[in-house]
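Trainee: Contents are JSON, C-alpha atoms and all ligand atoms; file name data_26.json:
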[["chain", "number", "residue", "atom", "x", "y", "z"],
["A", 1, "MET", "CA", 86.50, -28.29, -76.92],
["A", 2, "THR", "CA", 85.67, -25.53, -79.39],
["A", 3, "ALA", "CA", 84.04, -22.14, -79.00],
["A", 4, "PRO", "CA", 80.23, -22.26, -78.87],
["A", 5, "VAL", "CA", 78.36, -20.90, -81.88],
["A", 6, "LEU", "CA", 76.88, -17.60, -80.74],
["A", 7, "THR", "CA", 74.05, -15.96, -82.62],
["A", 8, "THR", "CA", 73.55, -12.79, -80.57],
["A", 9, "CYS", "CA", 75.99, -10.34, -79.00],
["A", 10, "GLY", "CA", 76.46, -10.85, -75.26],
["A", 11, "ARG", "CA", 76.68, -7.11, -74.66],
["A", 12, "CYS", "CA", 74.11, -5.39, -76.88],
["A", 13, "GLY", "CA", 71.98, -8.34, -78.00],
["A", 14, "ALA", "CA", 72.38, -7.55, -81.72],
["A", 15, "GLU", "CA", 72.27, -10.46, -84.15],
["A", 16, "LEU", "CA", 75.70, -11.78, -85.22],
["A", 17, "ALA", "CA", 76.62, -12.91, -88.72],
["A", 18, "PRO", "CA", 78.14, -16.41, -88.70],
["A", 19, "GLY", "CA", 81.90, -16.44, -88.11],
["A", 20, "VAL", "CA", 82.33, -12.79, -87.07],
["A", 21, "LEU", "CA", 84.73, -12.15, -84.18],
["A", 22, "THR", "CA", 83.44, -8.73, -83.14],
["A", 23, "CYS", "CA", 79.90, -7.40, -82.89],
["A", 24, "LEU", "CA", 79.22, -5.00, -85.78],
["A", 25, "SER", "CA", 76.80, -2.93, -83.65],
["A", 26, "CYS", "CA", 78.77, -2.32, -80.45],
["A", 27, "GLY", "CA", 82.27, -3.55, -81.27],
["A", 28, "ALA", "CA", 82.42, -6.10, -78.39],
["A", 29, "LEU", "CA", 84.45, -9.28, -78.84],
["A", 30, "VAL", "CA", 82.10, -12.21, -79.57],
["A", 31, "HIS", "CA", 84.04, -14.95, -77.76],
["A", 32, "THR", "CA", 84.92, -13.15, -74.51],
["A", 33, "ALA", "CA", 83.79, -16.06, -72.30],
["A", 34, "ARG", "CA", 85.77, -18.68, -74.20],
["A", 35, "LEU", "CA", 88.81, -16.39, -74.36],
["A", 36, "ARG", "CA", 88.75, -16.02, -70.59],
["A", 37, "GLU", "CA", 88.59, -19.83, -70.20],
["A", 38, "LEU", "CA", 91.50, -20.26, -72.60],
["A", 39, "ALA", "CA", 93.63, -17.66, -70.82],
["A", 40, "GLN", "CA", 93.01, -19.45, -67.51],
["A", 41, "ALA", "CA", 93.77, -22.85, -69.06],
["A", 42, "ALA", "CA", 97.01, -21.49, -70.56],
["A", 43, "ALA", "CA", 98.09, -19.91, -67.27],
["A", 44, "SER", "CA", 97.50, -23.06, -65.23],
["A", 45, "ALA", "CA", 99.19, -25.27, -67.88],
["A", 46, "GLU", "CA", 102.19, -22.98, -67.88],
["A", 47, "SER", "CA", 102.52, -22.96, -64.10],
["A", 48, "ALA", "CA", 102.29, -26.77, -64.18],
["A", 49, "GLY", "CA", 105.19, -26.75, -66.67],
["A", 50, "ASP", "CA", 103.10, -28.05, -69.60],
["A", 51, "VAL", "CA", 104.31, -25.66, -72.31],
["A", 52, "SER", "CA", 102.63, -27.61, -75.16],
["A", 53, "LYS", "CA", 99.23, -27.42, -73.51],
["A", 54, "ALA", "CA", 99.64, -23.69, -72.84],
["A", 55, "LEU", "CA", 100.62, -23.19, -76.49],
["A", 56, "GLY", "CA", 97.54, -25.12, -77.62],
["A", 57, "ALA", "CA", 95.25, -22.86, -75.56],
["A", 58, "TRP", "CA", 96.89, -19.64, -76.83],
["A", 59, "ARG", "CA", 96.73, -20.85, -80.42],
["A", 60, "GLU", "CA", 93.02, -21.52, -80.08],
["A", 61, "ALA", "CA", 92.54, -18.08, -78.52],
["A", 62, "LEU", "CA", 94.25, -16.54, -81.55],
["A", 63, "THR", "CA", 91.58, -17.98, -83.86],
["A", 64, "LEU", "CA", 88.90, -16.16, -81.83],
["A", 65, "LEU", "CA", 90.49, -12.70, -81.96],
["A", 66, "PRO", "CA", 90.56, -10.18, -84.82],
["A", 67, "PRO", "CA", 94.22, -9.63, -85.88],
["A", 68, "GLU", "CA", 94.00, -5.86, -85.41],
["A", 69, "THR", "CA", 93.33, -6.08, -81.65],
["A", 70, "GLN", "CA", 95.87, -5.46, -78.90],
["A", 71, "GLN", "CA", 95.07, -8.88, -77.33],
["A", 72, "TYR", "CA", 95.95, -10.62, -80.60],
["A", 73, "HIS", "CA", 99.43, -9.10, -80.61],
["A", 74, "THR", "CA", 99.96, -9.89, -76.94],
["A", 75, "ILE", "CA", 99.09, -13.54, -77.58],
["A", 76, "VAL", "CA", 101.32, -13.71, -80.68],
["A", 77, "SER", "CA", 104.29, -12.68, -78.54],
["A", 78, "LYS", "CA", 103.31, -15.14, -75.75],
["A", 79, "ILE", "CA", 103.23, -17.93, -78.38],
["A", 80, "ALA", "CA", 106.63, -16.88, -79.72],
["A", 81, "ALA", "CA", 108.15, -16.99, -76.21],
["A", 82, "LEU", "CA", 106.63, -20.39, -75.31],
["A", 83, "SER", "CA", 107.51, -21.81, -78.72],
["A", 84, "SER", "CA", 111.17, -20.88, -78.35],
["A", 85, "ARG", "CA", 111.15, -22.72, -75.01],
["A", 86, "VAL", "CA", 110.08, -25.85, -76.96],
["A", 87, "HIS", "CA", 112.84, -25.69, -79.56],
["A", 88, "SER", "CA", 115.54, -24.56, -77.18],
["A", 89, "GLY", "CA", 114.78, -27.79, -75.30],
["A", 90, "GLU", "CA", 114.11, -25.77, -72.14],
["A", 91, "ALA", "CA", 110.53, -27.07, -71.99],
["A", 92, "ARG", "CA", 111.81, -30.63, -71.73],
["A", 93, "PRO", "CA", 114.90, -32.01, -69.98],
["A", 94, "PRO", "CA", 117.33, -33.95, -72.23],
["A", 95, "TRP", "CA", 116.41, -37.60, -72.89],
["A", 96, "TRP", "CA", 119.04, -39.14, -70.60],
["A", 97, "LYS", "CA", 117.76, -37.09, -67.67],
["A", 98, "ARG", "CA", 114.18, -38.08, -68.47],
["A", 99, "VAL", "CA", 115.17, -41.77, -68.72],
["A", 100, "SER", "CA", 117.21, -41.78, -65.50],
["A", 101, "SER", "CA", 114.44, -40.02, -63.56],
["A", 102, "LEU", "CA", 111.89, -42.62, -64.69],
["A", 103, "GLY", "CA", 113.44, -45.77, -63.24],
["A", 104, "PRO", "CA", 113.05, -49.19, -64.92],
["A", 105, "LEU", "CA", 109.25, -49.40, -64.57],
["A", 106, "GLY", "CA", 108.87, -45.83, -65.75],
["A", 107, "VAL", "CA", 110.93, -46.64, -68.86],
["A", 108, "VAL", "CA", 108.59, -49.53, -69.70],
["A", 109, "ALA", "CA", 105.56, -47.28, -69.14],
["A", 110, "ALA", "CA", 107.07, -44.54, -71.32],
["A", 111, "GLY", "CA", 107.80, -47.14, -74.05],
["A", 112, "LEU", "CA", 104.20, -48.32, -73.91],
["A", 113, "GLY", "CA", 103.10, -44.69, -74.06],
["A", 114, "LYS", "CA", 105.14, -44.18, -77.26],
["A", 115, "ALA", "CA", 103.68, -47.37, -78.76],
["A", 116, "LYS", "CA", 100.18, -46.20, -77.84],
["A", 117, "PHE", "CA", 100.89, -42.83, -79.48],
["A", 118, "LEU", "CA", 102.08, -44.62, -82.63],
["A", 119, "LEU", "CA", 98.87, -46.66, -82.76],
["A", 120, "LEU", "CA", 96.74, -43.60, -82.10],
["A", 121, "GLY", "CA", 96.35, -42.73, -85.78],
["A", 122, "PHE", "CA", 94.90, -46.14, -86.56],
["A", 123, "GLY", "CA", 92.04, -45.41, -84.18],
["A", 124, "LYS", "CA", 90.81, -42.89, -86.74],
["A", 125, "LEU", "CA", 88.57, -44.55, -89.33],
["A", 126, "GLY", "CA", 89.85, -42.39, -92.22],
["A", 127, "THR", "CA", 93.47, -43.33, -91.47],
["A", 128, "LEU", "CA", 92.64, -47.02, -91.23],
["A", 129, "LEU", "CA", 90.58, -47.08, -94.44],
["A", 130, "SER", "CA", 93.16, -45.08, -96.42],
["A", 131, "PHE", "CA", 95.90, -47.36, -95.04],
["A", 132, "LEU", "CA", 94.01, -50.47, -96.20],
["A", 133, "ALA", "CA", 93.28, -49.00, -99.64],
["A", 134, "THR", "CA", 96.92, -47.99, -100.17],
["A", 135, "PHE", "CA", 98.08, -51.34, -98.82],
["A", 136, "GLY", "CA", 95.89, -53.05, -101.46],
["A", 137, "VAL", "CA", 97.52, -51.05, -104.26],
["A", 138, "TYR", "CA", 101.11, -51.64, -103.04],
["A", 139, "TRP", "CA", 100.40, -55.33, -102.37],
["A", 140, "THR", "CA", 99.64, -55.96, -106.04],
["A", 141, "LEU", "CA", 102.86, -54.11, -106.96],
["A", 142, "TRP", "CA", 105.36, -55.50, -104.44],
["A", 143, "GLY", "CA", 103.76, -58.34, -102.46],
["A", 144, "TRP", "CA", 102.16, -57.99, -99.06],
["A", 145, "LYS", "CA", 105.23, -58.05, -96.82],
["A", 146, "PHE", "CA", 107.11, -55.25, -98.56],
["A", 147, "ALA", "CA", 103.91, -53.23, -98.97],
["A", 148, "LEU", "CA", 103.05, -53.53, -95.29],
["A", 149, "CYS", "CA", 106.51, -52.61, -93.99],
["A", 150, "PHE", "CA", 106.92, -49.74, -96.46],
["A", 151, "LEU", "CA", 103.59, -48.29, -95.35],
["A", 152, "LEU", "CA", 104.69, -48.64, -91.73],
["A", 153, "SER", "CA", 107.83, -46.63, -92.60],
["A", 154, "ILE", "CA", 105.64, -43.90, -94.09],
["A", 155, "TYR", "CA", 103.33, -44.02, -91.09],
["A", 156, "ILE", "CA", 106.16, -43.67, -88.55],
["A", 157, "HIS", "CA", 107.54, -40.74, -90.57],
["A", 158, "GLU", "CA", 104.15, -39.00, -90.49],
["A", 159, "MET", "CA", 103.70, -39.60, -86.77],
["A", 160, "GLY", "CA", 107.02, -37.77, -86.28],
["A", 161, "HIS", "CA", 105.34, -34.67, -87.72],
["A", 162, "VAL", "CA", 102.26, -35.24, -85.55],
["A", 163, "ALA", "CA", 104.43, -35.56, -82.40],
["A", 164, "ALA", "CA", 106.34, -32.35, -83.17],
["A", 165, "LEU", "CA", 103.11, -30.48, -83.90],
["A", 166, "SER", "CA", 101.63, -31.56, -80.60],
["A", 167, "ARG", "CA", 104.75, -30.35, -78.78],
["A", 168, "TYR", "CA", 104.05, -26.93, -80.32],
["A", 169, "GLY", "CA", 100.36, -27.16, -79.43],
["A", 170, "VAL", "CA", 99.31, -27.12, -83.11],
["A", 171, "PRO", "CA", 96.23, -29.29, -83.75],
["A", 172, "ALA", "CA", 96.64, -31.73, -86.67],
["A", 173, "THR", "CA", 94.73, -34.69, -88.12],
["A", 174, "ALA", "CA", 95.98, -38.28, -88.05],
["A", 175, "PRO", "CA", 97.73, -39.23, -91.33],
["A", 176, "THR", "CA", 95.71, -40.09, -94.44],
["A", 177, "PHE", "CA", 97.40, -42.42, -96.95],
["A", 178, "ILE", "CA", 97.34, -41.71, -100.67],
["A", 179, "PRO", "CA", 98.23, -44.62, -102.99],
["A", 180, "GLY", "CA", 101.36, -43.90, -105.05],
["A", 181, "PHE", "CA", 102.12, -40.72, -103.10],
["A", 182, "GLY", "CA", 102.61, -41.37, -99.41],
["A", 183, "ALA", "CA", 100.60, -39.85, -96.62],
["A", 184, "LEU", "CA", 99.42, -36.45, -95.52],
["A", 185, "ILE", "CA", 98.43, -34.84, -92.28],
["A", 186, "ARG", "CA", 96.22, -31.80, -92.41],
["A", 187, "LEU", "CA", 96.97, -28.95, -90.08],
["A", 188, "LYS", "CA", 94.06, -27.17, -88.47],
["A", 189, "GLN", "CA", 96.42, -24.25, -87.83],
["A", 190, "HIS", "CA", 99.88, -23.44, -89.12],
["A", 191, "PRO", "CA", 103.21, -23.28, -87.30],
["A", 192, "ALA", "CA", 103.84, -19.64, -86.43],
["A", 193, "SER", "CA", 107.57, -19.22, -87.00],
["A", 194, "ALA", "CA", 110.20, -20.44, -89.44],
["A", 195, "ILE", "CA", 111.93, -22.41, -86.67],
["A", 196, "GLU", "CA", 108.68, -24.16, -85.63],
["A", 197, "ASP", "CA", 108.04, -25.00, -89.25],
["A", 198, "ALA", "CA", 111.57, -26.36, -89.67],
["A", 199, "ARG", "CA", 111.41, -28.52, -86.49],
["A", 200, "VAL", "CA", 108.03, -29.94, -87.53],
["A", 201, "GLY", "CA", 109.31, -30.56, -91.08],
["A", 202, "LEU", "CA", 112.46, -32.44, -89.99],
["A", 203, "ALA", "CA", 110.65, -34.46, -87.29],
["A", 204, "GLY", "CA", 109.22, -36.68, -90.07],
["A", 205, "PRO", "CA", 112.60, -37.77, -91.49],
["A", 206, "ILE", "CA", 114.01, -38.10, -87.93],
["A", 207, "TRP", "CA", 111.30, -40.61, -87.01],
["A", 208, "GLY", "CA", 111.68, -42.13, -90.50],
["A", 209, "LEU", "CA", 115.35, -42.71, -89.68],
["A", 210, "GLY", "CA", 114.13, -44.53, -86.56],
["A", 211, "ALA", "CA", 112.00, -46.81, -88.77],
["A", 212, "GLY", "CA", 115.09, -47.52, -90.92],
["A", 213, "LEU", "CA", 117.10, -48.45, -87.81],
["A", 214, "LEU", "CA", 114.29, -50.80, -86.80],
["A", 215, "TRP", "CA", 114.57, -52.64, -90.16],
["A", 216, "PHE", "CA", 118.37, -52.76, -89.72],
["A", 217, "GLY", "CA", 117.89, -54.31, -86.28],
["A", 218, "LEU", "CA", 115.59, -56.95, -87.78],
["A", 219, "TYR", "CA", 118.24, -57.70, -90.41],
["A", 220, "VAL", "CA", 120.93, -58.11, -87.76],
["A", 221, "VAL", "CA", 118.68, -60.50, -85.80],
["A", 222, "THR", "CA", 117.27, -62.57, -88.71],
["A", 223, "GLY", "CA", 119.97, -62.22, -91.40],
["A", 224, "GLN", "CA", 117.21, -61.96, -94.03],
["A", 225, "PRO", "CA", 118.09, -59.73, -97.04],
["A", 226, "PHE", "CA", 114.45, -58.60, -97.11],
["A", 227, "TRP", "CA", 115.16, -56.22, -94.21],
["A", 228, "VAL", "CA", 118.12, -54.70, -96.06],
["A", 229, "ALA", "CA", 115.81, -53.93, -99.00],
["A", 230, "MET", "CA", 113.32, -52.43, -96.56],
["A", 231, "MET", "CA", 116.01, -50.33, -94.89],
["A", 232, "HIS", "CA", 117.27, -49.02, -98.26],
["A", 233, "ALA", "CA", 113.74, -48.15, -99.38],
["A", 234, "THR", "CA", 113.18, -46.28, -96.10],
["A", 235, "ALA", "CA", 116.48, -44.37, -96.43],
["A", 236, "TRP", "CA", 115.58, -43.47, -100.02],
["A", 237, "LEU", "CA", 112.08, -42.33, -99.06],
["A", 238, "ASN", "CA", 113.37, -40.03, -96.32],
["A", 239, "LEU", "CA", 116.22, -38.62, -98.44],
["A", 240, "PHE", "CA", 113.63, -37.86, -101.11],
["A", 241, "ASN", "CA", 111.57, -35.99, -98.53],
["A", 242, "LEU", "CA", 114.58, -33.80, -97.65],
["A", 243, "ILE", "CA", 114.67, -32.27, -101.15],
["A", 244, "PRO", "CA", 113.77, -28.57, -100.62],
["A", 245, "VAL", "CA", 111.06, -28.27, -103.28],
["A", 246, "TRP", "CA", 107.24, -28.17, -103.34],
["A", 247, "GLN", "CA", 105.64, -29.20, -100.07],
["A", 248, "LEU", "CA", 108.41, -31.69, -99.20],
["A", 249, "ASP", "CA", 109.88, -31.66, -95.69],
["A", 250, "GLY", "CA", 113.15, -30.22, -96.98],
["A", 251, "SER", "CA", 111.34, -26.99, -97.93],
["A", 252, "ARG", "CA", 110.21, -26.52, -94.37],
["A", 253, "GLY", "CA", 113.55, -27.71, -92.98],
["A", 254, "THR", "CA", 115.44, -24.98, -94.88],
["A", 255, "ARG", "CA", 112.98, -22.20, -93.99],
["A", 256, "SER", "CA", 114.85, -21.28, -90.80],
["A", 257, "LEU", "CA", 118.30, -21.45, -92.43],
["A", 258, "ASP", "CA", 120.27, -18.64, -94.02],
["A", 259, "ARG", "CA", 122.18, -18.77, -97.29],
["A", 260, "THR", "CA", 125.47, -20.00, -95.85],
["A", 261, "GLN", "CA", 123.81, -22.78, -93.89],
["A", 262, "THR", "CA", 121.82, -23.96, -96.92],
["A", 263, "ALA", "CA", 124.98, -23.92, -99.06],
["A", 264, "LEU", "CA", 126.75, -25.91, -96.35],
["A", 265, "LEU", "CA", 124.02, -28.55, -96.52],
["A", 266, "ALA", "CA", 124.43, -28.73, -100.31],
["A", 267, "ALA", "CA", 128.11, -29.50, -99.71],
["A", 268, "VAL", "CA", 127.24, -32.18, -97.13],
["A", 269, "ALA", "CA", 124.83, -33.82, -99.61],
["A", 270, "GLY", "CA", 127.47, -33.65, -102.38],
["A", 271, "LEU", "CA", 130.04, -35.26, -100.10],
["A", 272, "ALA", "CA", 127.53, -37.95, -99.10],
["A", 273, "TRP", "CA", 126.99, -38.70, -102.79],
["A", 274, "LEU", "CA", 130.75, -39.03, -103.39],
["A", 275, "VAL", "CA", 130.94, -41.58, -100.58],
["A", 276, "SER", "CA", 127.77, -43.55, -101.35],
["A", 277, "ARG", "CA", 126.93, -42.95, -105.04],
["A", 278, "GLU", "CA", 123.26, -42.90, -104.04],
["A", 279, "GLY", "CA", 121.58, -41.02, -106.93],
["A", 280, "MET", "CA", 119.00, -39.29, -104.74],
["A", 281, "LEU", "CA", 121.84, -37.35, -103.06],
["A", 282, "ILE", "CA", 122.82, -35.64, -106.33],
["A", 283, "ILE", "CA", 119.28, -34.32, -106.69],
["A", 284, "LEU", "CA", 119.29, -33.26, -103.02],
["A", 285, "ALA", "CA", 122.67, -31.50, -103.38],
["A", 286, "LEU", "CA", 121.58, -29.63, -106.53],
["A", 287, "ALA", "CA", 118.23, -28.61, -105.06],
["A", 288, "LEU", "CA", 119.93, -27.35, -101.86],
["A", 289, "ALA", "CA", 122.49, -25.41, -103.91],
["A", 290, "TYR", "CA", 119.69, -23.81, -105.93],
["A", 291, "ARG", "CA", 117.81, -23.03, -102.75],
["A", 292, "ALA", "CA", 120.92, -21.36, -101.27],
["A", 293, "TYR", "CA", 121.39, -19.35, -104.48],
["A", 294, "SER", "CA", 117.76, -18.15, -104.62],
["A", 295, "LYS", "CA", 117.41, -17.37, -100.90],
["A", 296, "HIS", "CA", 117.19, -13.73, -99.92],
["A", 297, "ASP", "CA", 114.87, -13.73, -96.90],
["A", 298, "ASP", "CA", 117.76, -14.37, -94.53],
["A", 299, "THR", "CA", 116.41, -15.22, -91.10],
["A", 300, "GLU", "CA", 118.45, -15.38, -87.92],
["A", 301, "PRO", "CA", 120.94, -18.22, -88.32],
["A", 302, "ASP", "CA", 119.48, -21.46, -86.93],
["A", 303, "TRP", "CA", 122.50, -23.66, -86.28],
["A", 304, "ASN", "CA", 120.49, -26.30, -84.42],
["A", 305, "GLY", "CA", 118.25, -26.74, -87.46],
["A", 306, "CYS", "CA", 121.28, -26.84, -89.77],
["A", 307, "GLY", "CA", 122.88, -29.51, -87.56],
["A", 308, "GLN", "CA", 119.70, -31.60, -87.56],
["A", 309, "PHE", "CA", 119.47, -31.42, -91.35],
["A", 310, "ALA", "CA", 123.14, -32.30, -91.87],
["A", 311, "GLY", "CA", 122.92, -35.15, -89.34],
["A", 312, "LEU", "CA", 119.89, -36.53, -91.17],
["A", 313, "ILE", "CA", 121.69, -36.49, -94.54],
["A", 314, "ALA", "CA", 124.66, -38.31, -93.02],
["A", 315, "ALA", "CA", 122.63, -40.89, -91.08],
["A", 316, "LEU", "CA", 120.27, -41.67, -93.97],
["A", 317, "THR", "CA", 123.23, -42.01, -96.34],
["A", 318, "LEU", "CA", 124.83, -44.47, -93.95],
["A", 319, "LEU", "CA", 121.53, -46.37, -93.78],
["A", 320, "SER", "CA", 121.44, -46.56, -97.59],
["A", 321, "MET", "CA", 124.94, -48.14, -97.54],
["A", 322, "LEU", "CA", 124.49, -50.67, -94.70],
["A", 323, "PRO", "CA", 125.50, -53.46, -94.28],
["A", 324, "LEU", "CA", 129.05, -52.29, -95.08],
["B", 401, "ZN", "ZN", 77.08, -5.94, -79.60],
["B", 402, "ZN", "ZN", 107.24, -35.65, -94.02]]
Can you turn what I pasted into structure tokens?

Mentor:
Amino acid sequence: MTAPVLTTCGRCGAELAPGVLTCLSCGALVHTARLRELAQAAASAESAGDVSKALGAWREALTLLPPETQQYHTIVSKIAALSSRVHSGEARPPWWKRVSSLGPLGVVAAGLGKAKFLLLGFGKLGTLLSFLATFGVYWTLWGWKFALCFLLSIYIHEMGHVAALSRYGVPATAPTFIPGFGALIRLKQHPASAIEDARVGLAGPIWGLGAGLLWFGLYVVTGQPFWVAMMHATAWLNLFNLIPVWQLDGSRGTRSLDRTQTALLAAVAGLAWLVSREGMLIILALALAYRAYSKHDDTEPDWNGCGQFAGLIAALTLLSMLPL
């Protein structure tokens, strides 16, 4: 649901220019009614323990308020508090507790829920059409089987970002595929803090790692070397995405880290290269070292984010070396 388009001020009846948030004649807020609804929705979501839904309502409210108002600042601090509950894991019990509280049937239902979420993007016509177009291009390059599985790897990676965004209540589009490039999701709003941005950025490679493990499982079961090639391509793709340049995930992943932590990651990548001789790791190590050198906006140290990043480098490197 979005805010209705209002053409006259509810208080003084003056005509409103499109897109204004306050009435120019009397100074009243234009979207008072919708803001009240959103505040109620956020309060009831929060008391029901649904932090993501509460965040979504507050984020929408923010788009309806002028930044210089008191309410705007109040909501910004509410969002910061709720958001830190998401990344401290307080909003969600750890996975083993969630699994054990579900029971066997619940686990099956949750699995189906995850599968349904993964398929969700394909329900969008744009995603499906761009997937088919990109598939056509890759098919002529690599054959249909490799093209299809590689695109699935990209898709799973992108859905990792979508899942993390929805945990933070940030609306996003389903992925759109671009031949020769990968896929993109467009954000309708942006993550508010460096930590949110970092968690959303690394969620893609984390799910991408999951795709790689899936290909490894298929190799173990079938013994076909095709799945090893698939697994290596997936590891390579996700290591590439960790490079902290341009709009790549690594840029967002290092946003919440300070100099020391970024330098530490450069060392981890260098070590991973020594062990595996995977060329992508040299580029990653150098880019991280440069990033550490050029960083001066030191944020509060985010050791969880640093651990996630380091774990990803190690796990993806291992994936690029399997079977040992
Ligand atoms: Zn007015
Ligand atoms: Zn990504």

Trainee: Is it possible to get the residues within 12 Å of (94.9, -49.6, -99.7) (coordinates as in the file, counting only C-alpha atoms) written as a list of chain:residue names?

Mentor: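 Here the neighbourhood of the point contains A:Gly126, A:Thr127, A:Leu128, A:Leu129, A:Ser130, A:Phe131, A:Leu132, A:Ala133, A:Thr134, A:Phe135, A:Gly136, A:Val137, A:Tyr138, A:Trp139, A:Thr140, A:Leu141, A:Trp144, A:Ala147, A:Leu148, A:Leu151, A:Thr176, A:Phe177, A:Ile178, A:Pro179, A:Gly180, A:Phe181, A:Gly182, A:Ala183.
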
Trainee: Tell me, as a PyMOL selection string, which residues lie within 10 Å of Tyr290 of chain A, counting only C-alpha atoms; anything in the same chain fewer than 5 positions away does not count.

Mentor: chain A and resi 244+262-263+266+284-285+295

Trainee: Take the residues from that selection and write them out as a PDB file, in the coordinates of the input, keeping C-alpha atoms.

Mentor:
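The result, written out as result-v9.pdb:
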ATOM      1  CA  PRO A 244     113.770 -28.570-100.620  1.00  0.00           C
ATOM      2  CA  THR A 262     121.820 -23.960 -96.920  1.00  0.00           C
ATOM      3  CA  ALA A 263     124.980 -23.920 -99.060  1.00  0.00           C
ATOM      4  CA  ALA A 266     124.430 -28.730-100.310  1.00  0.00           C
ATOM      5  CA  LEU A 284     119.290 -33.260-103.020  1.00  0.00           C
ATOM      6  CA  ALA A 285     122.670 -31.500-103.380  1.00  0.00           C
ATOM      7  CA  LYS A 295     117.410 -17.370-100.900  1.00  0.00           C
TER       8      LYS A 295
END

Trainee: Enter the distance from atom CA of Ala267 of chain A to atom CA of Ile195 of chain A, in Å, rounded to one decimal.

Mentor: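 Between atom CA of Ala267 of chain A and atom CA of Ile195 of chain A the gap is 22.0 Å.
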
Trainee: Can you work out the spacing between atom CA of Thr22 of chain A and atom CA of Thr8 of chain A in Å, to one decimal?

Mentor: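 Separation of atom CA of Thr22 of chain A and atom CA of Thr8 of chain A: 11.0 Å.
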
Trainee: If you count all atoms listed in the file, which residues end up within 7 Å of ligand ZN 401 (chain B), as a ChimeraX atom specification?

Mentor: /A:9-14,23-28

Trainee: Could you check the closest approach to ligand ZN 402 (chain B) for each of A:Leu239, A:Val170, A:Leu218, A:Leu202 and tell me which residue wins, using all atoms listed in the file?

Mentor: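 Answer, going by the shortest atom-to-atom distance: A:Leu202.
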
Trainee: So, with all atoms listed in the file as the atoms that count, which of A:Val200, A:Leu187, A:Ala61, A:Val51 lies closest to Ser251 of chain A?

Mentor: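 Among the listed residues, the smallest separation from Ser251 of chain A belongs to A:Val200.
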
Trainee: Residues contacting ligand ZN 402 (chain B) - anything with an atom at most 12 Å away, using all atoms listed in the file - can you give me those as JSON, numbers by chain?

Mentor: {"A": [153, 154, 155, 156, 157, 158, 159, 160, 161, 162, 163, 164, 175, 181, 182, 183, 184, 185, 186, 197, 198, 199, 200, 201, 202, 203, 204, 205, 206, 207, 208, 209, 237, 238, 239, 240, 241, 242, 243, 244, 246, 247, 248, 249, 250, 251, 252, 253]}

Trainee: Which residues come within 12 Å of Thr74 of chain A, counting all atoms listed in the file, excluding same-chain residues fewer than 6 positions away, as a PyMOL selection string?

Mentor: chain A and resi 39+58-59+61-62+65+67-68+80-81

Trainee: At what distance in Å, to one decimal, does atom CA of Gly217 of chain A lie from atom CA of Gln308 of chain A?

Mentor: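 Atom CA of Gly217 of chain A lies at a distance of 22.8 Å from atom CA of Gln308 of chain A.
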
Trainee: My list of candidates is A:Arg85, A:Arg34, A:Arg291, A:His232. Which is closest to Ala57 of chain A when distances are computed with only C-alpha atoms?

Mentor: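 Under the stated criterion, the closest residue is A:Arg34.
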
Trainee: From the list A:Lys53, A:His73, A:Lys188, A:Lys145, which residue is nearest Phe226 of chain A when using all atoms listed in the file?

Mentor: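 The shortest atom-to-atom distance to Phe226 of chain A comes from A:Lys145.
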
Trainee: For Ile313 of chain A, which of A:Trp273, A:Phe150, A:Trp227, A:Tyr168 is the closest residue, counting only C-alpha atoms?

Mentor: A:Trp273

Trainee: Counting only C-alpha atoms, which residue out of A:Pro66, A:Gly56, A:Gly143, A:Gly89 sits closest to Pro171 of chain A?

Mentor: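 Using only C-alpha atoms, Pro171 of chain A sits closest to A:Gly56.
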
Trainee: Would you mind listing what lies within 10 Å of Arg277 of chain A as JSON, numbers by chain, with all atoms listed in the file counted and same-chain residues fewer than 6 positions away left out?

Mentor: {"A": [270, 271, 317, 320, 321]}

Trainee: Name the residues, using the chain letters and numbers of the file, that sit within 10 Å of (92.7, -26.3, -70.1) when counting only C-alpha atoms, and give them as a list of chain:residue names.

Mentor: A:Met1, A:Glu37, A:Leu38, A:Ala39, A:Gln40, A:Ala41, A:Ala42, A:Ala43, A:Ser44, A:Ala45, A:Lys53, A:Ala54, A:Gly56, A:Ala57

Trainee: What's around Cys306 of chain A at 10 Å? Count all atoms listed in the file, leave out sequence neighbours fewer than 6 positions away in its own chain, and write the answer as a list in words.

Mentor: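 Everything that qualifies: Ala198, Gly253, Thr254, Ser256, Leu257, Asp258, Gln261, Thr262, Leu264, Leu265 and Leu312 of chain A.
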